[in-house]
$ cat input-v1.cif   # mmCIF, C-alpha atoms
data_my_file
#
loop_
_atom_site.label_atom_id
_atom_site.label_comp_id
_atom_site.auth_asym_id
_atom_site.auth_seq_id
_atom_site.Cartn_x
_atom_site.Cartn_y
_atom_site.Cartn_z
CA MET A 1 -13.59 -7.59 -0.18
CA VAL A 2 -14.16 -6.74 -3.84
CA LEU A 3 -14.96 -3.14 -2.91
CA ILE A 4 -11.77 -2.88 -0.85
CA LEU A 5 -9.69 -4.18 -3.75
CA MET A 6 -11.42 -1.93 -6.28
CA THR A 7 -11.24 1.28 -4.26
CA GLY A 8 -7.66 0.57 -3.22
CA PHE A 9 -6.67 0.13 -6.85
CA VAL A 10 -8.50 3.30 -7.89
CA ILE A 11 -6.81 5.34 -5.16
CA ALA A 12 -3.34 3.93 -5.83
CA TYR A 13 -3.52 4.62 -9.56
CA HIS A 14 -5.11 8.04 -9.30
CA PRO A 15 -2.62 10.36 -11.07
CA ARG A 16 -1.81 12.38 -7.95
CA VAL A 17 -1.46 9.40 -5.63
CA ASN A 18 0.50 7.37 -8.16
CA ASP A 19 2.80 10.33 -8.74
CA LEU A 20 3.44 10.46 -4.97
CA LEU A 21 4.25 6.74 -4.91
CA GLN A 22 6.68 7.17 -7.78
CA ARG A 23 8.38 10.10 -6.04
CA LEU A 24 8.72 8.05 -2.85
CA ALA A 25 10.11 5.14 -4.89
CA ARG A 26 13.05 7.33 -5.91
CA VAL A 27 14.06 8.14 -2.33
CA PRO A 28 16.22 5.01 -1.64
CA ALA A 29 19.74 5.00 -3.04
CA THR A 30 20.51 1.28 -2.58
CA GLY A 31 18.69 -2.02 -2.92
CA ALA A 32 18.75 -2.56 0.84
CA GLN A 33 17.20 0.84 1.44
CA ALA A 34 14.55 0.09 -1.19
CA ALA A 35 13.49 -3.18 0.47
CA ALA A 36 13.43 -1.62 3.93
CA PHE A 37 11.47 1.40 2.73
CA VAL A 38 8.80 -0.71 1.01
CA GLY A 39 8.34 -2.75 4.17
CA PHE A 40 8.15 0.36 6.34
CA ILE A 41 5.47 1.94 4.14
CA SER A 42 3.47 -1.30 3.95
CA MET A 43 3.51 -1.85 7.71
CA SER A 44 2.62 1.77 8.42
CA LEU A 45 -0.33 1.64 6.02
CA ALA A 46 -1.50 -1.67 7.50
CA TRP A 47 -1.89 -0.06 10.92
CA ILE A 48 -4.30 2.43 9.32
CA HIS A 49 -6.22 -0.20 7.33
CA TRP A 50 -5.30 -3.70 6.20
CA GLY A 51 -7.03 -3.31 2.83
CA PHE A 52 -5.13 -0.11 2.11
CA SER A 53 -1.84 -1.88 2.80
CA LEU A 54 -2.86 -4.91 0.74
CA ILE A 55 -3.21 -2.83 -2.42
CA MET A 56 -0.85 0.08 -1.83
CA GLY A 57 1.94 -2.14 -0.53
CA ALA A 58 1.89 -4.31 -3.64
CA ILE A 59 1.70 -1.36 -6.02
CA PHE A 60 4.46 0.49 -4.16
CA ALA A 61 6.70 -2.59 -4.41
CA ARG A 62 6.13 -2.60 -8.17
CA GLU A 63 6.84 1.12 -8.46
CA MET A 64 9.99 0.67 -6.39
CA GLY A 65 11.13 -2.10 -8.71
CA LYS A 66 10.55 0.11 -11.74
CA ALA A 67 12.35 3.07 -10.19
CA ALA A 68 15.30 0.88 -9.18
CA HIS A 69 15.56 -0.44 -12.74
CA GLU A 70 15.57 3.09 -14.16
CA GLU A 71 18.11 4.33 -11.61
CA GLY A 72 20.39 1.30 -12.00
CA ILE A 73 19.94 0.23 -8.37
CA ASP A 74 20.47 -3.45 -7.49
CA ALA A 75 17.08 -4.02 -5.86
CA HIS A 76 16.00 -7.64 -5.36
CA TYR A 77 12.41 -7.65 -6.61
CA PRO A 78 11.24 -10.76 -4.67
CA LEU A 79 12.32 -9.04 -1.45
CA LEU A 80 10.46 -5.89 -2.49
CA ALA A 81 7.36 -8.05 -2.92
CA VAL A 82 7.85 -9.52 0.56
CA GLY A 83 8.15 -6.01 1.96
CA GLY A 84 4.98 -4.96 0.16
CA TYR A 85 2.96 -7.56 2.08
CA MET A 86 4.82 -7.25 5.37
CA GLY A 87 2.04 -5.16 6.89
CA LEU A 88 -0.47 -8.00 6.58
CA GLY A 89 1.77 -10.25 8.64
CA LEU A 90 2.90 -7.92 11.39
CA THR A 91 0.88 -4.78 12.05
CA TRP A 92 -2.69 -4.83 10.77
CA HIS A 93 -4.04 -6.90 13.68
CA TRP A 94 -2.80 -4.20 16.08
CA GLY A 95 -4.22 -1.38 13.96
CA LEU A 96 -7.39 0.57 13.36
CA SER A 97 -8.97 -2.20 11.26
CA ALA A 98 -8.06 -5.12 13.54
CA SER A 99 -10.98 -7.56 13.63
CA ALA A 100 -10.89 -8.87 17.19
CA PRO A 101 -10.36 -5.55 19.01
CA LEU A 102 -13.15 -3.90 17.02
CA GLN A 103 -15.55 -6.77 17.69
CA LEU A 104 -14.84 -6.51 21.40
CA THR A 105 -16.21 -2.96 21.43
CA ASP A 106 -19.66 -4.15 20.27
CA ALA A 107 -22.01 -5.58 22.90
CA ASN A 108 -23.67 -7.76 20.24
CA ASN A 109 -20.46 -9.77 19.97
CA ILE A 110 -20.19 -10.43 23.71
CA GLY A 111 -21.95 -13.10 25.74
CA GLU A 112 -23.60 -16.46 25.24
CA GLY A 113 -23.70 -17.78 21.70
CA THR A 114 -20.83 -15.61 20.49
CA GLY A 115 -17.14 -16.19 20.02
CA PHE A 116 -16.53 -14.16 23.17
CA ASP A 117 -18.99 -15.90 25.50
CA PHE A 118 -16.36 -15.92 28.25
CA LEU A 119 -16.56 -12.12 28.53
CA THR A 120 -19.18 -10.25 30.52
CA SER A 121 -18.69 -6.77 29.07
CA THR A 122 -17.19 -4.98 26.10
CA ILE A 123 -13.55 -3.94 25.96
CA PRO A 124 -12.87 -0.40 24.70
CA ALA A 125 -10.27 0.25 22.00
CA ALA A 126 -8.26 2.20 24.57
CA GLU A 127 -7.42 -1.13 26.18
CA THR A 128 -6.53 -2.89 22.94
CA ILE A 129 -5.58 -0.89 19.83
CA PHE A 130 -4.56 2.27 21.68
CA HIS A 131 -3.06 0.59 24.73
CA PRO A 132 0.61 1.59 25.26
CA TYR A 133 1.64 -2.06 25.07
CA ALA A 134 0.01 -2.53 21.65
CA ILE A 135 1.42 0.72 20.29
CA ALA A 136 4.92 -0.07 21.60
CA LEU A 137 4.79 -3.58 20.14
CA THR A 138 3.69 -2.20 16.77
CA ILE A 139 6.54 0.31 16.68
CA LEU A 140 9.10 -2.31 17.69
CA SER A 141 7.74 -4.73 15.06
CA ILE A 142 8.06 -2.11 12.33
CA ILE A 143 11.62 -1.25 13.37
CA PHE A 144 12.68 -4.90 13.63
CA ALA A 145 11.11 -5.98 10.33
CA THR A 146 12.55 -2.95 8.52
CA LEU A 147 16.03 -3.84 9.75
CA VAL A 148 15.56 -7.49 8.75
CA LEU A 149 14.59 -6.49 5.21
CA TYR A 150 17.62 -4.22 5.05
CA VAL A 151 19.98 -6.99 6.15
CA LEU A 152 18.45 -9.64 3.87
CA ALA A 153 18.74 -7.54 0.70
CA PRO A 154 21.27 -9.09 -1.73
CA SER A 155 23.42 -6.96 -3.99
CA GLY A 156 25.29 -7.26 -7.25
CA ASP A 157 24.58 -10.33 -9.37
CA ARG A 158 22.51 -11.90 -6.60
CA ALA A 159 19.90 -9.15 -6.84
CA LYS A 160 17.19 -10.00 -9.36
CA GLY A 161 15.52 -6.87 -10.69
CA ILE A 162 11.91 -6.48 -11.73
CA THR A 163 12.69 -7.17 -15.39
CA GLU A 164 13.67 -10.72 -14.42
CA TYR A 165 10.00 -11.36 -13.65
CA VAL A 166 8.05 -8.80 -15.68
CA ASP A 167 8.63 -8.01 -19.34
CA GLU A 168 10.15 -4.56 -19.72
CA GLY A 169 7.60 -3.69 -22.40
CA GLU A 170 4.82 -4.03 -19.82
CA LEU A 171 6.54 -1.68 -17.39
CA PHE A 172 7.50 1.27 -19.57
CA ASP A 173 5.96 3.06 -22.52
CA ALA A 174 7.37 3.14 -26.03
CA THR A 175 9.46 6.24 -25.35
CA GLY A 176 11.40 4.44 -22.64
CA GLY A 177 10.07 6.67 -19.90
CA GLY A 178 8.44 5.29 -16.82
CA ALA A 179 4.73 5.26 -16.29
CA GLY A 180 5.33 8.00 -13.79
CA ASP A 181 6.56 10.62 -16.20
CA GLU A 182 5.92 13.78 -14.21
CA ALA A 183 4.60 15.88 -17.07
CA ALA A 184 2.14 13.21 -18.14
CA ALA A 185 1.00 12.62 -14.57
CA GLU A 186 0.45 16.33 -14.01
CA ALA A 187 -1.51 16.68 -17.22
CA ALA A 188 -3.65 13.69 -16.31
CA ALA A 189 -4.28 15.08 -12.84
CA GLU A 190 -5.47 18.40 -14.27
CA ALA A 191 -7.85 16.60 -16.60
CA VAL A 192 -9.41 14.44 -13.88
CA ASP A 193 -13.19 14.46 -14.00
CA ASP A 194 -13.24 17.60 -16.12
CA GLY A 195 -12.40 16.35 -19.59
CA PRO A 196 -14.97 16.67 -22.38
CA ALA A 197 -16.78 13.65 -23.73
CA GLY A 198 -14.48 13.59 -26.74
CA ASP A 199 -11.20 13.78 -24.85
CA GLY A 200 -10.19 10.32 -26.04
CA ARG A 201 -10.42 8.66 -22.64
CA LEU A 202 -12.40 5.47 -22.21
CA PRO A 203 -15.45 5.55 -19.91
CA SER A 204 -13.58 3.27 -17.51
CA GLU A 205 -10.69 5.74 -17.39
CA ARG A 206 -13.02 8.64 -16.60
CA LEU A 207 -14.67 6.60 -13.82
CA ASN A 208 -11.27 5.52 -12.51
CA ASN A 209 -10.17 9.16 -12.18
CA SER A 210 -13.48 10.65 -11.06
CA ARG A 211 -13.21 13.02 -8.12
CA VAL A 212 -16.94 12.65 -7.53
CA LEU A 213 -16.82 8.87 -7.12
CA GLY A 214 -13.62 9.10 -5.11
CA GLY A 215 -15.14 11.65 -2.75
CA LEU A 216 -18.36 9.64 -2.45
CA SER A 217 -16.43 6.48 -1.58
CA HIS A 218 -14.48 8.42 1.04
CA CYS A 219 -17.64 9.85 2.60
CA LEU A 220 -19.23 6.39 2.76
CA GLY A 221 -16.22 5.06 4.64
CA TYR A 222 -14.79 2.88 1.89
#

$ encode --input "input-v1.cif" --output "structure tokens"
Amino acid sequence: MVLILMTGFVIAYHPRVNDLLQRLARVPATGAQAAAFVGFISMSLAWIHWGFSLIMGAIFAREMGKAAHEEGIDAHYPLLAVGGYMGLGLTWHWGLSASAPLQLTDANNIGEGTGFDFLTSTIPAAETIFHPYAIALTILSIIFATLVLYVLAPSGDRAKGITEYVDEGELFDATGGGAGDEAAAEAAAEAVDDGPAGDGRLPSERLNNSRVLGGLSHCLGY
């Protein structure tokens, strides 16, 4: 669990990935679109991996709140937060990291003394995760939940922006620009893992942006 949280955070705040999230956060033009888009991204990521959605969904909701504040969009931040975790409630258990379907593919989890002692053989993923029924239900769930988020989004004075819950000084730097300033992000991306020892970055920052560690984690399946 700790490794999932750590690697998810590292990936989400890598300069290139974070820049992508910030670009996506500027796609919606209204608060309703913002809430629906956050939920759609979260649910889509959850189908791939629940841990990925857990971290990326929350961070994307925050980035969406920041972008909405900068663009003057009436986005209701609590609803963005709900959308960010929507994947954990609707789609992950039908996805590639679903616990029960994956356990059913392993013979060690079938038979007497297991939680599936009523089964006599394994069940392939083609009959669970990749079954047309499961895929159709996942798609319908994403569509329905996205529409619900869109309809629930308040506007005007009823919409509480991110600065109602997080101090503005914690969201933006001293120049007033967002954390996703494109020039800064590009410069940071170019310096990843290649900067000299005296480049002013902390050891934790160099580790956080290391291509070597990121690639190793990917190869190990984390």

$ closest_residue --input "input-v1.cif" --among "A:Ala61, A:Val212, A:Val166, A:Leu79" --to "Ile41 in chain A" --atoms "only C-alpha atoms"
A:Ala61

$ atom_distance --input "input-v1.cif" --atom1 "CA of Ser53 in chain A" --atom2 "CA of Gly83 in chain A"
10.8 Å

$ atom_distance --input "input-v1.cif" --atom1 "CA of Met86 in chain A" --atom2 "CA of Ala35 in chain A"
10.8 Å

$ resolve_selection --input "input-v1.cif" --expression "the PyMOL selection byres ((chain A and resi 155) around 9)" --output "PDB file with C-alpha atoms, in the frame of the given file"
ATOM      1  CA  THR A  30      20.510   1.280  -2.580  1.00  0.00           C
ATOM      2  CA  GLY A  31      18.690  -2.020  -2.920  1.00  0.00           C
ATOM      3  CA  ALA A  32      18.750  -2.560   0.840  1.00  0.00           C
ATOM      4  CA  ASP A  74      20.470  -3.450  -7.490  1.00  0.00           C
ATOM      5  CA  ALA A  75      17.080  -4.020  -5.860  1.00  0.00           C
ATOM      6  CA  HIS A  76      16.000  -7.640  -5.360  1.00  0.00           C
ATOM      7  CA  ALA A 153      18.740  -7.540   0.700  1.00  0.00           C
ATOM      8  CA  PRO A 154      21.270  -9.090  -1.730  1.00  0.00           C
ATOM      9  CA  GLY A 156      25.290  -7.260  -7.250  1.00  0.00           C
ATOM     10  CA  ASP A 157      24.580 -10.330  -9.370  1.00  0.00           C
ATOM     11  CA  ARG A 158      22.510 -11.900  -6.600  1.00  0.00           C
ATOM     12  CA  ALA A 159      19.900  -9.150  -6.840  1.00  0.00           C
ATOM     13  CA  LYS A 160      17.190 -10.000  -9.360  1.00  0.00           C
TER      14      LYS A 160
END

$ closest_residue --input "input-v1.cif" --among "A:Trp92, A:Tyr77, A:Phe118, A:Tyr85" --to "Gly39 in chain A" --atoms "only C-alpha atoms"
A:Tyr85

$ resolve_selection --input "input-v1.cif" --expression "the PyMOL selection byres ((chain A and resi 91) around 12)" --output "PyMOL selection string"
chain A and resi 39-50+53-54+85-90+92-98+129+134-145

$ closest_residue --input "input-v1.cif" --among "A:Asp19, A:Thr128, A:Ala100, A:Thr7" --to "Gly115 in chain A" --atoms "all atoms listed in the file"
A:Ala100
